[in-house]
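So this block is input-v4.csv, CSV, C-alpha atoms and all ligand atoms:
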chain,number,residue,atom,x,y,z
A,697,MET,CA,121.7,97.9,150.9
A,698,THR,CA,122.6,98.5,154.5
A,699,GLN,CA,121.6,95.8,157.0
A,700,PRO,CA,118.6,96.7,159.1
A,701,LEU,CA,119.0,96.9,162.8
A,702,MET,CA,116.1,94.5,163.3
A,703,GLU,CA,114.2,92.4,160.9
A,704,LEU,CA,111.0,90.3,161.4
A,705,LYS,CA,110.4,87.7,158.8
A,706,SER,CA,107.2,85.8,158.3
A,707,ILE,CA,106.1,86.2,161.9
A,708,TYR,CA,103.1,84.3,163.2
A,709,LYS,CA,102.0,84.6,166.8
A,710,SER,CA,99.0,83.0,168.3
A,711,PHE,CA,97.7,82.9,171.9
A,712,SER,CA,95.5,80.3,173.5
A,713,LYS,CA,92.1,81.3,174.6
A,714,GLY,CA,90.3,78.3,176.2
A,715,ARG,CA,90.6,75.6,173.7
A,716,GLU,CA,91.2,77.9,170.7
A,717,ARG,CA,94.3,79.4,169.3
A,718,VAL,CA,93.9,83.1,168.5
A,719,PRO,CA,96.0,84.2,165.6
A,720,VAL,CA,97.2,87.6,166.6
A,721,LEU,CA,100.0,88.2,164.0
A,722,GLN,CA,100.1,86.7,160.6
A,723,ASP,CA,103.0,86.8,158.1
A,724,VAL,CA,104.4,90.0,159.5
A,725,ASP,CA,107.6,91.2,157.7
A,726,LEU,CA,109.1,94.3,159.1
A,727,LYS,CA,112.5,96.0,158.9
A,728,VAL,CA,113.7,98.5,161.4
A,729,ASN,CA,116.5,100.6,159.9
A,730,LYS,CA,119.4,102.0,162.0
A,731,LEU,CA,118.5,105.4,163.5
A,732,GLU,CA,115.2,105.7,161.8
A,733,PHE,CA,111.8,106.8,163.2
A,734,LEU,CA,109.4,104.0,162.5
A,735,CYS,CA,105.8,104.2,163.6
A,736,LEU,CA,103.5,101.2,163.9
A,737,VAL,CA,99.9,102.4,163.6
A,738,GLY,CA,96.5,100.8,163.6
A,739,GLU,CA,93.4,100.4,165.6
A,740,SER,CA,93.2,98.8,169.0
A,741,GLY,CA,93.8,95.0,169.0
A,742,CYS,CA,95.6,94.9,165.6
A,743,GLY,CA,98.8,93.5,167.1
A,744,LYS,CA,101.0,96.5,167.5
A,745,THR,CA,102.0,95.8,171.1
A,746,THR,CA,102.6,92.1,170.3
A,747,THR,CA,104.9,93.2,167.5
A,748,GLY,CA,106.7,95.5,169.9
A,749,LYS,CA,107.1,92.8,172.5
A,750,ILE,CA,108.5,90.4,169.8
A,751,LEU,CA,111.0,93.1,168.8
A,752,SER,CA,112.2,93.6,172.3
A,753,GLY,CA,112.4,89.9,173.1
A,754,LEU,CA,109.6,89.9,175.7
A,755,LEU,CA,107.6,87.5,173.5
A,756,LYS,CA,108.7,84.7,171.2
A,757,PRO,CA,106.9,84.3,167.9
A,758,THR,CA,105.0,81.1,167.2
A,759,SER,CA,107.0,80.9,164.0
A,760,GLY,CA,109.1,83.1,161.8
A,761,SER,CA,112.5,84.7,162.5
A,762,VAL,CA,113.7,87.8,164.4
A,763,SER,CA,117.1,89.1,163.7
A,764,PHE,CA,119.1,91.8,165.4
A,765,ASP,CA,122.1,93.3,163.6
A,766,GLY,CA,121.9,90.4,161.2
A,767,GLN,CA,121.9,87.7,163.8
A,768,ASP,CA,118.9,85.4,164.4
A,769,ILE,CA,118.0,86.0,168.0
A,770,SER,CA,116.8,82.5,168.6
A,771,LYS,CA,120.4,81.3,168.1
A,772,LEU,CA,122.0,83.9,170.5
A,773,ARG,CA,123.2,82.4,173.8
A,774,GLY,CA,124.8,83.8,177.0
A,775,LYS,CA,126.4,87.2,176.7
A,776,ALA,CA,125.3,87.7,173.0
A,777,TYR,CA,121.6,87.2,174.1
A,778,GLN,CA,122.1,89.5,177.1
A,779,ASP,CA,123.6,92.1,174.8
A,780,TYR,CA,120.6,91.9,172.5
A,781,ARG,CA,118.1,92.2,175.5
A,782,ARG,CA,120.1,95.2,176.8
A,783,SER,CA,120.2,96.8,173.4
A,784,VAL,CA,116.4,96.8,172.8
A,785,GLN,CA,114.3,98.4,175.5
A,786,ILE,CA,110.5,98.9,175.6
A,787,ILE,CA,108.6,101.8,177.2
A,788,HIS,CA,105.2,100.5,178.2
A,789,GLN,CA,101.9,102.2,177.6
A,790,ASP,CA,101.0,102.7,181.3
A,791,PRO,CA,103.7,104.1,183.6
A,792,TYR,CA,101.3,103.5,186.6
A,793,ALA,CA,101.5,99.8,185.9
A,794,SER,CA,105.1,99.5,184.7
A,795,LEU,CA,106.8,101.3,187.7
A,796,ASN,CA,106.8,99.3,190.9
A,797,PRO,CA,105.0,101.4,193.5
A,798,ALA,CA,107.1,99.9,196.3
A,799,HIS,CA,110.5,101.0,194.8
A,800,THR,CA,111.9,104.5,194.8
A,801,ILE,CA,113.0,106.1,191.5
A,802,TYR,CA,116.7,105.4,192.6
A,803,SER,CA,115.9,101.8,193.1
A,804,THR,CA,114.1,101.4,189.8
A,805,LEU,CA,116.8,103.1,187.8
A,806,SER,CA,119.8,101.7,189.6
A,807,PHE,CA,118.7,98.0,189.2
A,808,PRO,CA,119.5,97.7,185.5
A,809,LEU,CA,122.7,99.7,185.9
A,810,LEU,CA,123.9,97.3,188.6
A,811,HIS,CA,122.4,94.2,187.0
A,812,HIS,CA,124.2,94.7,183.7
A,813,LYS,CA,127.3,95.9,185.5
A,814,LEU,CA,127.2,99.3,183.7
A,815,VAL,CA,128.4,100.9,187.0
A,816,ARG,CA,130.9,99.6,189.5
A,817,ASN,CA,129.1,100.4,192.8
A,818,LYS,CA,126.2,102.1,194.4
A,819,THR,CA,127.9,105.5,194.5
A,820,GLU,CA,128.4,105.4,190.7
A,821,ALA,CA,124.8,104.1,190.3
A,822,ARG,CA,123.5,107.1,192.2
A,823,LYS,CA,125.5,109.5,190.2
A,824,ARG,CA,124.4,107.9,186.9
A,825,VAL,CA,120.7,108.0,188.0
A,826,LEU,CA,121.0,111.7,188.8
A,827,GLU,CA,122.4,112.2,185.3
A,828,LEU,CA,119.6,110.2,183.7
A,829,LEU,CA,117.0,112.2,185.6
A,830,GLU,CA,118.5,115.4,184.3
A,831,THR,CA,118.6,114.0,180.8
A,832,VAL,CA,114.8,113.5,180.9
A,833,ASP,CA,114.3,117.0,182.4
A,834,LEU,CA,113.3,115.7,185.9
A,835,THR,CA,115.0,118.5,187.7
A,836,PRO,CA,116.3,119.2,190.3
A,837,ALA,CA,117.2,115.5,190.1
A,838,ALA,CA,118.1,115.4,193.8
A,839,ASP,CA,114.5,116.2,194.7
A,840,VAL,CA,113.1,113.3,192.5
A,841,ILE,CA,115.6,110.5,193.1
A,842,ASP,CA,114.3,109.2,196.4
A,843,LYS,CA,110.6,109.6,195.6
A,844,TYR,CA,108.1,106.8,195.0
A,845,PRO,CA,106.1,106.7,191.7
A,846,HIS,CA,102.9,107.9,193.4
A,847,GLU,CA,104.6,111.1,194.5
A,848,LEU,CA,105.1,112.1,190.8
A,849,SER,CA,102.7,113.3,188.1
A,850,GLY,CA,101.7,111.1,185.1
A,851,GLY,CA,104.1,113.0,182.8
A,852,GLN,CA,106.9,112.8,185.4
A,853,ARG,CA,106.4,109.0,185.7
A,854,GLN,CA,106.5,108.7,181.9
A,855,ARG,CA,109.9,110.5,182.0
A,856,VAL,CA,111.1,108.0,184.6
A,857,SER,CA,110.1,105.2,182.2
A,858,ILE,CA,112.1,106.9,179.4
A,859,ALA,CA,115.1,107.3,181.8
A,860,ARG,CA,114.8,103.6,182.7
A,861,ALA,CA,114.9,102.6,179.0
A,862,LEU,CA,118.1,104.7,178.6
A,863,THR,CA,119.9,103.1,181.6
A,864,THR,CA,121.2,100.2,179.4
A,865,ASN,CA,122.5,102.4,176.5
A,866,PRO,CA,120.1,100.8,174.1
A,867,SER,CA,120.3,101.0,170.3
A,868,LEU,CA,116.6,100.6,169.9
A,869,ILE,CA,113.7,101.8,172.0
A,870,VAL,CA,110.1,100.6,171.4
A,871,ALA,CA,107.8,103.2,172.8
A,872,ASP,CA,104.3,101.7,173.1
A,873,GLU,CA,101.7,104.5,173.1
A,874,SER,CA,104.0,106.0,175.7
A,875,VAL,CA,102.5,109.4,175.4
A,876,SER,CA,98.8,108.5,175.3
A,877,MET,CA,98.3,108.3,179.1
A,878,VAL,CA,99.3,111.9,179.7
A,879,ASP,CA,97.6,115.2,179.0
A,880,VAL,CA,97.7,116.6,175.5
A,881,SER,CA,99.7,119.6,176.9
A,882,ILE,CA,102.7,117.4,177.9
A,883,ARG,CA,102.4,114.9,175.1
A,884,ILE,CA,104.3,117.0,172.6
A,885,GLY,CA,107.1,117.6,175.1
A,886,LEU,CA,107.5,113.8,175.7
A,887,LEU,CA,107.4,113.1,171.9
A,888,LYS,CA,110.1,115.7,171.3
A,889,MET,CA,112.2,114.1,174.0
A,890,LEU,CA,111.9,110.7,172.3
A,891,MET,CA,112.8,112.3,169.0
A,892,ASN,CA,115.9,114.1,170.4
A,893,MET,CA,117.1,110.8,171.9
A,894,ARG,CA,118.0,109.6,168.4
A,895,THR,CA,120.7,112.3,167.9
A,896,GLU,CA,121.7,112.5,171.6
A,897,PHE,CA,122.1,108.8,172.2
A,898,ASN,CA,122.2,107.2,168.7
A,899,VAL,CA,119.1,105.3,169.4
A,900,THR,CA,116.5,104.1,166.9
A,901,ILE,CA,112.9,104.6,168.0
A,902,VAL,CA,109.8,102.6,167.1
A,903,LEU,CA,106.7,104.3,168.2
A,904,ILE,CA,103.5,102.3,168.6
A,905,THR,CA,100.3,104.3,168.4
A,906,HIS,CA,96.6,104.1,167.3
A,907,ASP,CA,96.7,107.8,166.5
A,908,LEU,CA,97.6,108.5,162.9
A,909,ALA,CA,98.0,112.3,163.5
A,910,LEU,CA,100.6,111.5,166.2
A,911,ALA,CA,102.3,109.0,163.9
A,912,LYS,CA,102.5,111.6,161.2
A,913,TYR,CA,104.1,114.1,163.5
A,914,PHE,CA,106.6,111.7,165.0
A,915,ALA,CA,107.7,109.8,161.9
A,916,TRP,CA,107.5,112.7,159.3
A,917,GLU,CA,111.1,112.1,158.4
A,918,GLY,CA,110.8,108.3,158.8
A,919,ARG,CA,108.4,105.4,157.9
A,920,LEU,CA,105.0,104.2,158.8
A,921,ALA,CA,103.8,100.6,159.0
A,922,VAL,CA,100.0,100.4,159.0
A,923,MET,CA,98.6,97.3,160.7
A,924,TYR,CA,95.2,95.8,160.3
A,925,LEU,CA,94.0,92.6,162.1
A,926,GLY,CA,97.5,91.2,162.7
A,927,ARG,CA,99.0,92.1,159.3
A,928,VAL,CA,101.1,94.9,158.0
A,929,VAL,CA,98.9,96.3,155.1
A,930,GLU,CA,101.1,99.3,154.0
A,931,VAL,CA,104.7,100.2,154.8
A,932,GLY,CA,106.8,103.0,153.4
A,933,LYS,CA,108.0,106.6,153.9
A,934,THR,CA,105.6,108.6,156.0
A,935,GLN,CA,105.5,111.5,153.5
A,936,ASP,CA,104.7,109.2,150.6
A,937,ILE,CA,101.9,107.5,152.5
A,938,ILE,CA,100.4,110.8,153.8
A,939,ALA,CA,100.6,112.3,150.3
A,940,ASN,CA,99.4,109.2,148.5
A,941,PRO,CA,97.9,106.6,150.8
A,942,GLN,CA,97.4,103.4,148.8
A,943,HIS,CA,95.8,100.7,150.9
A,944,PRO,CA,92.0,101.2,151.4
A,945,TYR,CA,92.4,101.0,155.2
A,946,THR,CA,95.1,103.7,155.2
A,947,ARG,CA,92.9,105.9,153.0
A,948,VAL,CA,90.0,105.5,155.5
A,949,LEU,CA,92.3,106.2,158.5
A,950,LEU,CA,93.7,109.4,156.8
A,951,SER,CA,90.2,110.6,155.8
A,952,ALA,CA,89.2,110.6,159.4
A,953,ILE,CA,92.0,112.7,160.9
A,954,PRO,CA,91.3,116.4,161.3
A,955,GLU,CA,93.5,119.0,159.6
A,956,ALA,CA,95.0,122.0,161.3
A,957,ASP,CA,92.8,124.3,159.2
A,958,PRO,CA,89.1,123.7,160.2
A,959,GLU,CA,87.9,124.7,156.7
A,960,ARG,CA,90.1,121.9,155.2
A,961,THR,CA,88.7,119.5,157.8
A,962,ARG,CA,85.1,120.4,156.9
A,963,ASN,CA,85.8,120.0,153.2
A,964,LYS,CA,87.7,116.8,153.5
A,965,GLN,CA,86.1,113.8,151.8
A,966,HIS,CA,85.2,111.3,154.5
A,967,ILE,CA,85.3,107.8,153.2
A,968,ASN,CA,82.5,105.5,154.5
A,969,LEU,CA,83.3,101.9,155.4
A,970,ARG,CA,80.9,99.2,154.2
A,971,SER,CA,80.7,98.0,157.7
A,972,GLU,CA,81.8,99.4,161.1
A,973,ASP,CA,82.2,95.9,162.6
A,974,ILE,CA,85.8,94.8,163.1
A,975,PRO,CA,85.9,91.0,162.4
A,976,SER,CA,87.0,88.8,165.3
A,977,LEU,CA,90.5,87.3,165.2
A,978,THR,CA,89.0,83.9,165.8
A,979,GLU,CA,86.7,84.3,162.8
A,980,LEU,CA,88.8,86.1,160.2
A,981,PRO,CA,87.1,86.5,156.8
A,982,PRO,CA,88.6,84.6,153.9
A,983,GLY,CA,91.0,86.5,151.5
A,984,CYS,CA,91.8,90.0,152.6
A,985,SER,CA,90.6,90.5,156.1
A,986,PHE,CA,89.6,94.1,155.4
A,987,HIS,CA,87.3,93.1,152.5
A,988,PRO,CA,84.0,93.1,154.5
A,989,ARG,CA,84.6,96.8,155.4
A,990,CYS,CA,86.4,97.9,152.2
A,991,PRO,CA,84.7,100.6,150.1
A,992,TRP,CA,86.7,99.3,147.1
A,993,PHE,CA,85.9,95.6,147.5
A,994,VAL,CA,86.3,93.5,144.4
A,995,PRO,CA,84.1,90.3,144.7
A,996,GLY,CA,85.8,87.1,143.7
A,997,VAL,CA,89.3,88.7,144.2
A,998,CYS,CA,89.4,90.3,147.6
A,999,ASP,CA,87.3,87.6,149.3
A,1000,THR,CA,89.4,84.6,147.9
A,1001,THR,CA,93.1,85.4,148.0
A,1002,VAL,CA,95.2,86.7,150.9
A,1003,PRO,CA,97.2,89.7,149.6
A,1004,GLN,CA,100.9,89.9,150.1
A,1005,LEU,CA,102.8,93.0,150.9
A,1006,LYS,CA,104.3,94.3,147.6
A,1007,GLN,CA,105.0,97.4,145.6
A,1008,THR,CA,102.4,98.5,143.1
A,1009,PRO,CA,103.6,98.4,139.5
A,1010,TYR,CA,102.4,101.8,138.4
A,1011,ASP,CA,103.2,104.0,141.4
A,1012,ASP,CA,106.5,105.7,141.9
A,1013,SER,CA,105.7,105.9,145.6
A,1014,ARG,CA,107.9,103.3,147.3
A,1015,ALA,CA,105.3,102.1,149.9
A,1016,ASP,CA,104.6,98.4,149.9
A,1017,VAL,CA,100.9,97.5,150.1
A,1018,ALA,CA,98.9,94.4,150.7
A,1019,CYS,CA,95.9,94.8,148.3
A,1020,ILE,CA,95.5,92.6,145.3
A,1021,PRO,CA,93.8,95.0,142.9
A,1022,LEU,CA,96.5,97.6,143.6
A,1023,THR,CA,99.4,95.2,143.3
A,1024,GLU,CA,97.9,94.0,140.0
A,1025,GLY,CA,98.0,97.5,138.8
A,1026,LYS,CA,94.2,98.1,138.8
A,1027,GLU,CA,92.5,101.4,139.7
A,1028,LEU,CA,90.3,101.1,142.7
A,1029,ALA,CA,86.6,101.6,142.0
A,1030,LEU,CA,84.0,102.0,144.7
A,1031,TYR,CA,81.9,98.9,145.3
A,1032,GLU,CA,78.2,99.3,144.4
A,1033,SER,CA,76.1,96.6,146.1
A,1101,LIG,N1,99.0,87.3,176.4
A,1101,LIG,C1,97.9,87.3,175.6
A,1101,LIG,N2,97.0,86.3,175.7
A,1101,LIG,C2,95.9,86.2,174.9
A,1101,LIG,N3,95.6,87.2,174.0
A,1101,LIG,C3,96.4,88.2,173.9
A,1101,LIG,C4,97.6,88.4,174.7
A,1101,LIG,N4,98.2,89.5,174.4
A,1101,LIG,C5,97.4,90.1,173.4
A,1101,LIG,N5,96.4,89.3,173.1
A,1101,LIG,C6,95.3,89.6,172.1
A,1101,LIG,O1,96.0,89.9,170.9
A,1101,LIG,C7,95.4,90.9,170.2
A,1101,LIG,C8,96.4,92.0,169.8
A,1101,LIG,O2,96.8,92.6,171.0
A,1101,LIG,P1,97.9,93.8,171.0
A,1101,LIG,O3,97.9,94.3,172.4
A,1101,LIG,O4,99.1,93.3,170.3
A,1101,LIG,O5,97.2,94.9,170.0
A,1101,LIG,P2,97.4,96.4,169.9
A,1101,LIG,O6,97.2,96.8,168.5
A,1101,LIG,O7,98.6,96.8,170.6
A,1101,LIG,O8,96.1,97.0,170.8
A,1101,LIG,P3,96.1,98.2,171.8
A,1101,LIG,O9,96.3,99.4,171.0
A,1101,LIG,O10,94.7,98.1,172.3
A,1101,LIG,O11,97.1,97.9,172.8
A,1101,LIG,C9,94.2,91.4,171.0
A,1101,LIG,O12,93.0,90.7,170.6
A,1101,LIG,C10,94.6,90.9,172.4
A,1101,LIG,O13,93.4,90.7,173.2
As structure tokens, what does this structure read like?
Amino acid sequence: MTQPLMELKSIYKSFSKGRERVPVLQDVDLKVNKLEFLCLVGESGCGKTTTGKILSGLLKPTSGSVSFDGQDISKLRGKAYQDYRRSVQIIHQDPYASLNPAHTIYSTLSFPLLHHKLVRNKTEARKRVLELLETVDLTPAADVIDKYPHELSGGQRQRVSIARALTTNPSLIVADESVSMVDVSIRIGLLKMLMNMRTEFNVTIVLITHDLALAKYFAWEGRLAVMYLGRVVEVGKTQDIIANPQHPYTRVLLSAIPEADPERTRNKQHINLRSEDIPSLTELPPGCSFHPRCPWFVPGVCDTTVPQLKQTPYDDSRADVACIPLTEGKELALYES
């Protein structure tokens, strides 16, 4: 089996809130394969951004290991660590907040080029910045390069963020909801640009989104990792998961997304949760944290044991799932209270 580009093993991450520790990620295992499209999907607050920040080295896990090209990043020092940080870039959710309003586009894009010595001088930096602006279709680049972020539209600012991620010739880009802040009309253009970067620049892309329809579009040829309350509950090939969602949470998410054909949407079976309330991270329910909401809850099983991410014994789909009844080979039956 080929070595993944990045691998998270048994990742726990907690933050302090007053005197408490809030467990944000628990036992997260995740592989990012070379040149794949991987999408992390789940509702707000489930830990997607925290996972993305751990992948890109912006946050350290509380425990667990992160490896890049087979090397544990906590053991990298000096140039090797700088190379890893250069190789993994993140595009943040909000280009308004992530671009410094006091810096021109030239200044923002030339900084990493000069800092990582990817160009020899300012003349070369300017030439490279113009090329990068052309790459992300900000043309004519000469009209954009000396502007400030507030002089650009939201979509243009997001393109600058993509160009900035490309400055360091990364092998992995984590794009955190990077198309959600722009109008629907330009969202697809930005997504296509991200997707083209794989072939044009040999870059692996991890997209983080709460929108399963968008995840399906982006990672159709790749994989989905579905997260719920700080854990990965299902991971596998997108087409397998869409055709045959296994985890109850994935089934509920999929039942809620509209189809292109309105008739199919009307006829789609909507699955009702047992509760709309999302438990608090500081008061997680025992056993499977989805059990209080799960329509297929099995008393005495789901509320006692924490499920591990595994393959189901009976299914030829290769998605791994964290659901005890499924991994024990049982059929799910709707819970009757
Ligand atoms: N620096 C921090 N300090 C304390 N709590 C944090 C910090 N960063 C994130 N959290 C908390 O961790 C949880 C997970 O946040 P995270 O941003 O990773 O989720 P998410 O799935 O990306 O959500 P969203 O889609 O809303 O961005 C949230 O409850 C959030 O409030």
Open item on the list: Considering all atoms listed in the file, can you say which of A:Ser867, A:Ser710, A:Gln1004, A:Ser759 comes closest to ligand LIG 1101 (chain A)?
Closed with: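 Of A:Ser867, A:Ser710, A:Gln1004, A:Ser759, the one nearest ligand LIG 1101 (chain A) is A:Ser710, counting all atoms listed in the file.
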- [ ] Report the distance between CA of Ile801 in chain A and CA of Asp842 in chain A in Å, rounded to one decimal place.
- [x]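 According to the coordinates, CA of Ile801 in chain A and CA of Asp842 in chain A are separated by 5.9 Å.
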Open item on the list: Show me which residues are within 7 Å of ligand LIG 1101 (chain A) counting only C-alpha atoms and all ligand atoms, and format the list as a list in words.
Closed with: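 The residues near ligand LIG 1101 (chain A) are Phe711, Ser712, Lys713, Val720, Gly738, Glu739, Ser740, Gly741, Cys742, Gly743, Lys744, Thr745, Thr746, Thr747, Thr905, His906 and Leu977 of chain A.
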Task: Nearest-residue call for Ala861 in chain A, choices A:Asn968, A:Gln767, A:Thr895, A:Ser752, using only C-alpha atoms - done: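 Checking each of A:Asn968, A:Gln767, A:Thr895, A:Ser752 against Ala861 in chain A, counting only C-alpha atoms, the winner is A:Ser752.
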Task: Atom-to-atom span, CA of Asn729 in chain A and CA of Val899 in chain A, Å - done: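 Computing it gives 10.9 Å between the two atoms.
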- [ ] Identify which of the residues A:Ala859, A:Leu826, A:Ile953, A:Val931 lies closest to His966 in chain A, counting only C-alpha atoms when measuring atom-to-atom distances.
- [x] A:Ile953
- [ ] Kindly extract all protein, DNA and RNA residues lying within 8 Å of the coordinates (90.1, 90.5, 153.0) given in the file, considering only C-alpha atoms, and supply them as a PyMOL selection string.
- [x] chain A and resi 981-988+998-1003
TODO: Choose the residue, out of A:Gly774, A:Gly850, A:Gly753, A:Gly714, that has the smallest atom-to-atom separation from Asp790 in chain A; count only C-alpha atoms.
DONE: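 Smallest separation from Asp790 in chain A among the options: A:Gly850.
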Open item on the list: Please determine, counting all atoms listed in the file, which residue among A:Arg919, A:Lys888, A:Arg947, A:His799 has the shortest atom-to-atom distance to Val728 in chain A.
Closed with: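 Looking at the shortest contact to Val728 in chain A, the residue is A:Arg919.
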Open item on the list: Could you check the closest approach to Ala952 in chain A for each of A:Leu1028, A:Met893, A:Leu969, A:Val784 and tell me which residue wins, using only C-alpha atoms?
Closed with: A:Leu969
TODO: Kindly give the distance, in Å, that separates CA of Leu908 in chain A and CA of Val737 in chain A, rounded to a single decimal.
DONE: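 Taking CA of Leu908 in chain A as the start and CA of Val737 in chain A as the end point, the length is 6.6 Å.
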- [ ] Fewer than 5 positions away in the same chain doesn't count, so skip those; otherwise give me all residues within 12 Å of Pro808 in chain A, counting all atoms listed in the file, as a PyMOL selection string.
- [x] chain A and resi 781-782+785+802-803+813-815+818+821+824-825+859-866
Would you output that residue set with C-alpha atoms, as a PDB file, in the coordinates of the input?
ATOM      1  CA  ARG A 781     118.100  92.200 175.500  1.00  0.00           C
ATOM      2  CA  ARG A 782     120.100  95.200 176.800  1.00  0.00           C
ATOM      3  CA  GLN A 785     114.300  98.400 175.500  1.00  0.00           C
ATOM      4  CA  TYR A 802     116.700 105.400 192.600  1.00  0.00           C
ATOM      5  CA  SER A 803     115.900 101.800 193.100  1.00  0.00           C
ATOM      6  CA  LYS A 813     127.300  95.900 185.500  1.00  0.00           C
ATOM      7  CA  LEU A 814     127.200  99.300 183.700  1.00  0.00           C
ATOM      8  CA  VAL A 815     128.400 100.900 187.000  1.00  0.00           C
ATOM      9  CA  LYS A 818     126.200 102.100 194.400  1.00  0.00           C
ATOM     10  CA  ALA A 821     124.800 104.100 190.300  1.00  0.00           C
ATOM     11  CA  ARG A 824     124.400 107.900 186.900  1.00  0.00           C
ATOM     12  CA  VAL A 825     120.700 108.000 188.000  1.00  0.00           C
ATOM     13  CA  ALA A 859     115.100 107.300 181.800  1.00  0.00           C
ATOM     14  CA  ARG A 860     114.800 103.600 182.700  1.00  0.00           C
ATOM     15  CA  ALA A 861     114.900 102.600 179.000  1.00  0.00           C
ATOM     16  CA  LEU A 862     118.100 104.700 178.600  1.00  0.00           C
ATOM     17  CA  THR A 863     119.900 103.100 181.600  1.00  0.00           C
ATOM     18  CA  THR A 864     121.200 100.200 179.400  1.00  0.00           C
ATOM     19  CA  ASN A 865     122.500 102.400 176.500  1.00  0.00           C
ATOM     20  CA  PRO A 866     120.100 100.800 174.100  1.00  0.00           C
TER      21      PRO A 866
END
